[in-house]
Structures are given as structure tokens and as C-alpha cells.
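*Asks:* I'm passing along my_file_29.txt; it holds compact mmCIF, C-alpha atoms and all ligand atoms.
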# COMPACT_ATOMS: atom_id res chain seq x y z
CA MET A 1 -13.49 -8.18 5.33
CA ASN A 2 -11.44 -7.45 8.41
CA LEU A 3 -13.03 -5.46 11.19
CA LYS A 4 -10.69 -6.52 13.96
CA ASN A 5 -10.14 -2.95 15.13
CA PHE A 6 -13.73 -1.77 14.90
CA PHE A 7 -14.81 -0.03 18.09
CA PRO A 8 -18.53 0.88 18.27
CA ILE A 9 -19.28 3.99 20.32
CA GLY A 10 -23.05 3.82 20.29
CA ASP A 11 -23.86 6.41 17.64
CA PRO A 12 -25.23 4.60 14.58
CA ARG A 13 -24.14 7.25 12.09
CA LEU A 14 -20.61 7.52 13.41
CA ASP A 15 -20.30 3.76 13.85
CA ASP A 16 -21.33 3.23 10.22
CA ASP A 17 -18.80 5.82 9.08
CA HIS A 18 -16.00 4.28 11.14
CA ARG A 19 -16.83 0.82 9.81
CA ARG A 20 -16.68 2.24 6.27
CA LEU A 21 -13.32 3.86 7.00
CA GLU A 22 -11.86 0.66 8.39
CA LEU A 23 -13.02 -1.25 5.32
CA ALA A 24 -11.48 1.41 3.06
CA ILE A 25 -8.18 1.08 4.94
CA ASP A 26 -8.31 -2.70 4.45
CA VAL A 27 -8.92 -2.21 0.73
CA LEU A 28 -5.93 0.14 0.54
CA ALA A 29 -3.76 -2.33 2.45
CA SER A 30 -4.49 -5.11 -0.02
CA SER A 31 -4.43 -2.92 -3.15
CA GLN A 32 -2.06 -3.64 -6.01
CA ALA A 33 -0.27 -1.26 -8.35
CA GLN A 34 -3.19 -0.93 -10.74
CA ASP A 35 -5.82 -0.05 -8.12
CA ARG A 36 -3.71 1.67 -5.47
CA LEU A 37 -4.61 5.27 -6.36
CA THR A 38 -8.30 4.39 -6.61
CA ALA A 39 -8.22 2.78 -3.17
CA LEU A 40 -6.50 5.85 -1.75
CA HIS A 41 -8.99 8.16 -3.49
CA ASP A 42 -11.96 6.18 -2.09
CA LEU A 43 -10.47 6.25 1.40
CA ARG A 44 -9.91 10.01 1.18
CA GLN A 45 -13.46 10.60 0.00
CA ALA A 46 -14.88 8.55 2.89
CA ALA A 47 -12.59 10.25 5.40
CA ALA A 48 -13.33 13.76 4.13
CA ALA A 49 -17.10 13.19 4.28
CA HIS A 50 -16.89 11.73 7.77
CA PHE A 51 -14.60 14.45 9.09
CA GLU A 52 -16.83 17.16 7.60
CA SER A 53 -19.77 15.71 9.47
CA GLU A 54 -17.90 15.52 12.78
CA ASP A 55 -16.38 18.97 12.27
CA ALA A 56 -19.89 20.45 11.94
CA ASP A 57 -20.74 19.13 15.42
CA LEU A 58 -17.37 20.17 16.79
CA SER A 59 -17.93 23.73 15.60
CA CYS A 60 -20.86 23.89 18.04
CA MET A 61 -18.67 22.97 21.00
CA ALA A 62 -17.28 25.77 23.11
CA ASP A 63 -14.54 23.50 24.45
CA GLY A 64 -11.07 24.44 23.20
CA ASN A 65 -10.16 20.80 22.57
CA ALA A 66 -12.72 20.67 19.79
CA LYS A 67 -10.25 22.60 17.68
CA CYS A 68 -7.58 19.94 18.32
CA HIS A 69 -10.03 17.31 17.10
CA VAL A 70 -10.75 19.30 13.94
CA ASP A 71 -7.02 19.84 13.42
CA GLU A 72 -6.32 16.12 13.72
CA HIS A 73 -8.86 15.42 10.98
CA ALA A 74 -7.14 17.99 8.77
CA GLU A 75 -3.73 16.43 9.44
CA VAL A 76 -4.97 13.01 8.37
CA LEU A 77 -6.30 14.42 5.09
CA LYS A 78 -3.00 16.22 4.58
CA SER A 79 -1.10 12.96 5.08
CA LEU A 80 -3.34 11.20 2.57
CA ASP A 81 -2.70 13.98 0.06
CA GLU A 82 1.06 13.79 0.63
CA VAL A 83 1.04 10.05 0.00
CA ARG A 84 -1.13 10.50 -3.10
CA LEU A 85 1.48 12.85 -4.56
CA GLU A 86 4.20 10.25 -3.92
CA LEU A 87 2.14 7.46 -5.47
CA ALA A 88 1.42 9.56 -8.54
CA SER A 89 5.03 10.59 -9.00
CA PRO A 90 6.85 9.06 -11.98
CA LYS A 91 10.07 9.47 -9.98
CA ARG A 92 8.97 6.77 -7.52
CA ASP A 93 9.29 3.10 -8.38
CA GLU A 94 6.91 0.25 -7.59
CA VAL A 95 8.89 -0.95 -4.57
CA PHE A 96 8.67 2.49 -3.00
CA LYS A 97 4.97 2.90 -3.77
CA ALA A 98 4.05 -0.53 -2.42
CA ALA A 99 6.04 0.06 0.78
CA LEU A 100 4.59 3.54 1.28
CA THR A 101 1.05 2.26 0.79
CA ARG A 102 1.60 -0.59 3.23
CA ARG A 103 2.99 1.77 5.86
CA LEU A 104 0.16 4.25 5.38
CA ALA A 105 -2.44 1.50 5.80
CA GLU A 106 -0.67 0.23 8.93
CA GLN A 107 -0.51 3.72 10.42
CA LEU A 108 -4.16 4.38 9.70
CA ALA A 109 -5.23 1.01 11.08
CA ASP A 110 -3.47 1.94 14.33
CA TRP A 111 -4.72 5.51 14.32
CA LEU A 112 -8.43 4.99 13.61
CA PRO A 113 -9.44 2.87 16.65
CA MET A 114 -7.38 5.14 18.94
CA HIS A 115 -9.02 8.26 17.54
CA VAL A 116 -12.49 6.73 17.80
CA ARG A 117 -12.01 5.44 21.33
CA GLU A 118 -10.25 8.46 22.79
CA ILE A 119 -11.67 11.42 20.89
CA ASP A 120 -14.79 10.57 18.89
CA ALA A 121 -16.35 8.85 21.92
CA ALA A 122 -16.35 12.20 23.74
CA LEU A 123 -18.04 13.79 20.75
CA VAL A 124 -20.83 11.22 21.03
CA LYS A 125 -21.41 12.24 24.65
CA PHE A 126 -21.64 15.85 23.52
CA ARG A 127 -24.12 14.91 20.79
CA VAL A 128 -26.28 13.07 23.30
CA ALA A 129 -26.09 15.99 25.72
CA GLN A 130 -27.15 18.34 22.92
CA ARG A 131 -30.14 16.18 22.12
CA PHE A 132 -31.31 15.40 25.63
CA GLY A 133 -29.79 18.21 27.69
CA GLY A 134 -26.81 18.11 29.99
CA VAL A 135 -23.32 19.44 30.34
CA PRO A 136 -21.00 19.13 27.34
CA VAL A 137 -18.03 16.93 28.06
CA THR A 138 -14.36 17.86 27.73
CA LEU A 139 -12.51 16.08 24.97
CA ALA A 140 -9.35 14.22 25.91
CA ILE A 141 -6.72 14.76 23.23
CA ARG A 142 -3.79 12.39 22.96
CA ALA A 143 -0.36 13.93 23.31
CA ASN A 144 0.83 12.32 20.09
CA THR A 145 -1.07 11.40 17.01
CA VAL A 146 0.18 8.72 14.70
CA VAL A 147 -0.89 9.79 11.27
CA PRO A 148 -0.05 13.50 11.35
CA GLY A 149 3.55 13.87 10.24
CA LEU A 150 3.34 10.53 8.50
CA ILE A 151 6.07 11.28 5.99
CA GLU A 152 8.45 12.33 8.79
CA THR A 153 7.51 9.19 10.75
CA LEU A 154 8.27 7.02 7.75
CA ARG A 155 11.58 8.74 7.13
CA ALA A 156 12.62 8.05 10.73
CA SER A 157 11.56 4.40 10.64
CA PRO A 158 14.56 2.03 10.83
CA SER A 159 12.64 -0.60 8.86
CA PHE A 160 12.03 1.70 5.93
CA PRO A 161 14.61 1.54 3.14
CA ASP A 162 17.17 4.32 3.20
CA GLY A 163 16.70 7.11 0.74
CA LEU A 164 13.23 6.10 -0.45
CA LEU A 165 11.63 9.18 1.02
CA SER A 166 14.36 11.63 0.21
CA PRO A 167 13.01 14.66 -1.59
FE FE B 201 -14.80 9.68 13.62
FE FE B 202 -12.96 12.43 14.79
Kindly present the structure from the file in C-alpha cells form.
Ligand SMILES: [Fe+2]
Ligand SMILES: [Fe+2]
*Replies:*
Amino acid sequence: MNLKNFFPIGDPRLDDDHRRLELAIDVLASSQAQDRLTALHDLRQAAAAHFESEDADLSCMADGNAKCHVDEHAEVLKSLDEVRLELASPKRDEVFKAALTRRLAEQLADWLPMHVREIDAALVKFRVAQRFGGVPVTLAIRANTVVPGLIETLRASPSFPDGLLSP
């Protein structure tokens, strides 16, 4: 179990979810050919459930940045679905699938703590304000997200083998 990136933000439900997501990313990172799709499926399930829960709170926020937060969740799920298609493709060999999985896990391991620290933390303040009264906070959205556009990012990576991600 590797929780080196875990960043608690003081909301037990969200902290539990984020811990679960980090563990699911670790499982994906260490998965082998026979359990790779299952690990990706489990991660997607955990992510979708967590994002749905956050999105419900975000829909109550009048702040325009709430939409950016919702959109970032959707982009992550889209990236996971894109990678699932590649992993399920008979046209892709084991070297490609192992490399793609490793890169996805690395990207997500970088993305999750950043997202939690910079975006979800503001949502927690809003949740507290909703419960106890106060002024909703403004969410700070990063200029660039790591996971959205994952396939394009991988294609541009100099360390990724040429041609592996060609359509
Ligand atoms: Fe979150
Ligand atoms: Fe979030």
C-alpha cells in the first residue's frame, strides 16, 4: 500500500474517497496483463462514484468555476475510457499495453494530489459554508490539467516509443 501522495483536506467522506482512488491507481500501476482491465475498471468505478458525489455539490454552487471542476472530472473519465479501448484492442501488443498502463498510472498519480489540493479543497470550504453558514468560496482552477488530453500527451512524450499511439 502506497499512500505517499495522499493529501487529507478535512472532509472524512472526500478523504476516504481520495484514499480509495489513490489505492486504485497503485493497483493499476502494479497490474499485469491478466488483471490490467479489471484494475482499470475498478479505478473507473471508484472515480465515477466519487466524481458523481462531488458534482452533486458543485451543481449547487453559483460560481462559474464549478463547471470547470465538473468538466475536469468528465475529462478524466474520458481519458480512462480512451485507455480502456486501447487495452482491449487486439491490434495493440503487450509492450504497448504495459507502457500505456504505466503512463496512465503515473499521470493519475501526479494529477490526483494536485486536483485534491487545488480544487477539491475549495469544495470542502463550500460544503462547510453550506452547513454552518458563510460565503461560498471561489474555486481556483489550474491553467493546465494533466490527465485531460492524456492520449495527446502520451503521443508527444519523447520517452514513449514512436508509432505506438498512431491510430
Ligand atoms: Fe475529489
Ligand atoms: Fe474533484
*Asks:* Could you make a table, as a tab-separated table, of the residues of chain A that have an atom within 10 Å of an atom of ligand FE 202 (chain B), each with its nearest atom pair and distance in Å to one decimal, counting only C-alpha atoms and all ligand atoms, in chain and number order?
*Replies:*
residue	atom	partner	partner_atom	distance
A:Leu14	CA	B:FE202	FE	9.2
A:His18	CA	B:FE202	FE	9.4
A:Ala47	CA	B:FE202	FE	9.6
A:His50	CA	B:FE202	FE	8.1
A:Phe51	CA	B:FE202	FE	6.3
A:Glu52	CA	B:FE202	FE	9.4
A:Ser53	CA	B:FE202	FE	9.2
A:Glu54	CA	B:FE202	FE	6.2
A:Asp55	CA	B:FE202	FE	7.8
A:Leu58	CA	B:FE202	FE	9.1
A:Ala66	CA	B:FE202	FE	9.6
A:Cys68	CA	B:FE202	FE	9.9
A:His69	CA	B:FE202	FE	6.1
A:Val70	CA	B:FE202	FE	7.3
A:Asp71	CA	B:FE202	FE	9.6
A:Glu72	CA	B:FE202	FE	7.7
A:His73	CA	B:FE202	FE	6.3
A:Leu112	CA	B:FE202	FE	8.8
A:His115	CA	B:FE202	FE	6.4
A:Val116	CA	B:FE202	FE	6.5
A:Arg117	CA	B:FE202	FE	9.6
A:Glu118	CA	B:FE202	FE	9.3
A:Ile119	CA	B:FE202	FE	6.3
A:Asp120	CA	B:FE202	FE	4.9
A:Ala121	CA	B:FE202	FE	8.7
A:Ala122	CA	B:FE202	FE	9.6
A:Leu123	CA	B:FE202	FE	7.9
*Asks:* Would you write out those residues with C-alpha atoms, as a JSON list (two decimals), in the frame of the given file?
*Replies:*
[["chain", "number", "residue", "atom", "x", "y", "z"],
["A", 14, "LEU", "CA", -20.61, 7.52, 13.41],
["A", 18, "HIS", "CA", -16.00, 4.28, 11.14],
["A", 47, "ALA", "CA", -12.59, 10.25, 5.40],
["A", 50, "HIS", "CA", -16.89, 11.73, 7.77],
["A", 51, "PHE", "CA", -14.60, 14.45, 9.09],
["A", 52, "GLU", "CA", -16.83, 17.16, 7.60],
["A", 53, "SER", "CA", -19.77, 15.71, 9.47],
["A", 54, "GLU", "CA", -17.90, 15.52, 12.78],
["A", 55, "ASP", "CA", -16.38, 18.97, 12.27],
["A", 58, "LEU", "CA", -17.37, 20.17, 16.79],
["A", 66, "ALA", "CA", -12.72, 20.67, 19.79],
["A", 68, "CYS", "CA", -7.58, 19.94, 18.32],
["A", 69, "HIS", "CA", -10.03, 17.31, 17.10],
["A", 70, "VAL", "CA", -10.75, 19.30, 13.94],
["A", 71, "ASP", "CA", -7.02, 19.84, 13.42],
["A", 72, "GLU", "CA", -6.32, 16.12, 13.72],
["A", 73, "HIS", "CA", -8.86, 15.42, 10.98],
["A", 112, "LEU", "CA", -8.43, 4.99, 13.61],
["A", 115, "HIS", "CA", -9.02, 8.26, 17.54],
["A", 116, "VAL", "CA", -12.49, 6.73, 17.80],
["A", 117, "ARG", "CA", -12.01, 5.44, 21.33],
["A", 118, "GLU", "CA", -10.25, 8.46, 22.79],
["A", 119, "ILE", "CA", -11.67, 11.42, 20.89],
["A", 120, "ASP", "CA", -14.79, 10.57, 18.89],
["A", 121, "ALA", "CA", -16.35, 8.85, 21.92],
["A", 122, "ALA", "CA", -16.35, 12.20, 23.74],
["A", 123, "LEU", "CA", -18.04, 13.79, 20.75]]
*Asks:* Could you check which of A:Asp16, A:Val95, A:Ile9, A:Leu108 is closest to Arg127 in chain A, using only C-alpha atoms?
*Replies:*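 Looking only at the distances to Arg127 in chain A, the closest residue turns out to be A:Ile9.
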*Asks:* CA of Ser59 in chain A to CA of Arg13 in chain A: how many Å, to one decimal?
*Replies:* 18.0 Å
*Asks:* Would you mind reading off the distance between CA of Leu21 in chain A and CA of Leu87 in chain A, one decimal, in Å?
*Replies:* 20.2 Å
*Asks:* What separation in Å, quoted to one decimal, exists between CA of Ala49 in chain A and atom FE of ligand FE 201 (chain B)?
*Replies:*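 About the pair CA of Ala49 in chain A and atom FE of ligand FE 201 (chain B): they are 10.2 Å apart.
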*Asks:* Which of these, A:Ala46, A:Val83, A:Leu104, A:Ile25, has the shortest distance to ligand FE 201 (chain B) once you count all atoms listed in the file?
*Replies:*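 Selected residue with least distance to ligand FE 201 (chain B): A:Ala46.
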*Asks:* Select, counting all atoms listed in the file, all protein, DNA and RNA residues no farther than 7 Å from (-13.3, 0.3, 17.1) in file coordinates, and express the selection as JSON, numbers by chain.
*Replies:* {"A": [5, 6, 7, 8, 113, 116, 117]}
*Asks:* Counting only C-alpha atoms and all ligand atoms, which of A:Val124, A:Ser31, A:Arg44, A:Ala39 gets nearest to ligand FE 201 (chain B)?
*Replies:* A:Val124
*Asks:* Calculated over only C-alpha atoms and all ligand atoms, which of the candidates A:Asp57, A:Leu40, A:Leu85, A:Arg103 has the smallest distance to ligand FE 201 (chain B)?
*Replies:*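 Checking each of A:Asp57, A:Leu40, A:Leu85, A:Arg103 against ligand FE 201 (chain B), counting only C-alpha atoms and all ligand atoms, the winner is A:Asp57.
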*Asks:* Using only C-alpha atoms and all ligand atoms for the distances, tell me which of A:Trp111, A:Gln130, A:Gln32, A:Cys60 is nearest to ligand FE 201 (chain B).
*Replies:*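 Among A:Trp111, A:Gln130, A:Gln32, A:Cys60, it is A:Trp111 that comes nearest to ligand FE 201 (chain B).
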*Asks:* N, CA and C atoms for range 43-67 of chain A, written as a tab-separated table (two decimals), in the coordinates of the input, could you do that?
*Replies:*
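Writing done, so here's rebuild-v4.tsv:
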chain	number	residue	atom	x	y	z
A	43	LEU	N	-10.69	6.06	-0.03
A	43	LEU	CA	-10.47	6.25	1.40
A	43	LEU	C	-10.53	7.75	1.74
A	44	ARG	N	-9.90	8.57	0.90
A	44	ARG	CA	-9.91	10.01	1.18
A	44	ARG	C	-11.31	10.59	1.11
A	45	GLN	N	-12.08	10.13	0.13
A	45	GLN	CA	-13.46	10.60	0.00
A	45	GLN	C	-14.27	10.25	1.25
A	46	ALA	N	-14.13	9.00	1.70
A	46	ALA	CA	-14.88	8.55	2.89
A	46	ALA	C	-14.42	9.33	4.12
A	47	ALA	N	-13.12	9.53	4.24
A	47	ALA	CA	-12.59	10.25	5.40
A	47	ALA	C	-13.04	11.71	5.38
A	48	ALA	N	-12.96	12.35	4.23
A	48	ALA	CA	-13.33	13.76	4.13
A	48	ALA	C	-14.81	13.96	4.48
A	49	ALA	N	-15.66	13.08	3.99
A	49	ALA	CA	-17.10	13.19	4.28
A	49	ALA	C	-17.36	12.99	5.77
A	50	HIS	N	-16.70	12.01	6.33
A	50	HIS	CA	-16.89	11.73	7.77
A	50	HIS	C	-16.36	12.89	8.62
A	51	PHE	N	-15.19	13.37	8.30
A	51	PHE	CA	-14.60	14.45	9.09
A	51	PHE	C	-15.46	15.72	8.97
A	52	GLU	N	-15.98	15.98	7.78
A	52	GLU	CA	-16.83	17.16	7.60
A	52	GLU	C	-18.04	17.10	8.51
A	53	SER	N	-18.61	15.90	8.61
A	53	SER	CA	-19.77	15.71	9.47
A	53	SER	C	-19.42	15.92	10.94
A	54	GLU	N	-18.32	15.33	11.38
A	54	GLU	CA	-17.90	15.52	12.78
A	54	GLU	C	-17.52	16.98	13.04
A	55	ASP	N	-16.83	17.59	12.09
A	55	ASP	CA	-16.38	18.97	12.27
A	55	ASP	C	-17.57	19.91	12.46
A	56	ALA	N	-18.69	19.61	11.79
A	56	ALA	CA	-19.89	20.45	11.94
A	56	ALA	C	-20.37	20.42	13.39
A	57	ASP	N	-20.36	19.23	14.00
A	57	ASP	CA	-20.74	19.13	15.42
A	57	ASP	C	-19.70	19.81	16.31
A	58	LEU	N	-18.44	19.60	15.95
A	58	LEU	CA	-17.37	20.17	16.79
A	58	LEU	C	-17.40	21.69	16.78
A	59	SER	N	-17.88	22.27	15.68
A	59	SER	CA	-17.93	23.73	15.60
A	59	SER	C	-18.95	24.30	16.59
A	60	CYS	N	-19.84	23.44	17.06
A	60	CYS	CA	-20.86	23.89	18.04
A	60	CYS	C	-20.35	23.79	19.47
A	61	MET	N	-19.19	23.17	19.65
A	61	MET	CA	-18.67	22.97	21.00
A	61	MET	C	-17.82	24.16	21.41
A	62	ALA	N	-18.06	24.64	22.62
A	62	ALA	CA	-17.28	25.77	23.11
A	62	ALA	C	-15.91	25.31	23.61
A	63	ASP	N	-15.78	24.03	23.89
A	63	ASP	CA	-14.54	23.50	24.45
A	63	ASP	C	-13.37	23.70	23.49
A	64	GLY	N	-12.24	24.17	24.03
A	64	GLY	CA	-11.07	24.44	23.20
A	64	GLY	C	-10.49	23.21	22.55
A	65	ASN	N	-10.70	22.03	23.14
A	65	ASN	CA	-10.16	20.80	22.57
A	65	ASN	C	-10.86	20.39	21.28
A	66	ALA	N	-12.03	20.97	21.05
A	66	ALA	CA	-12.72	20.67	19.79
A	66	ALA	C	-11.85	21.07	18.61
A	67	LYS	N	-11.12	22.16	18.77
A	67	LYS	CA	-10.25	22.60	17.68
A	67	LYS	C	-9.15	21.58	17.42
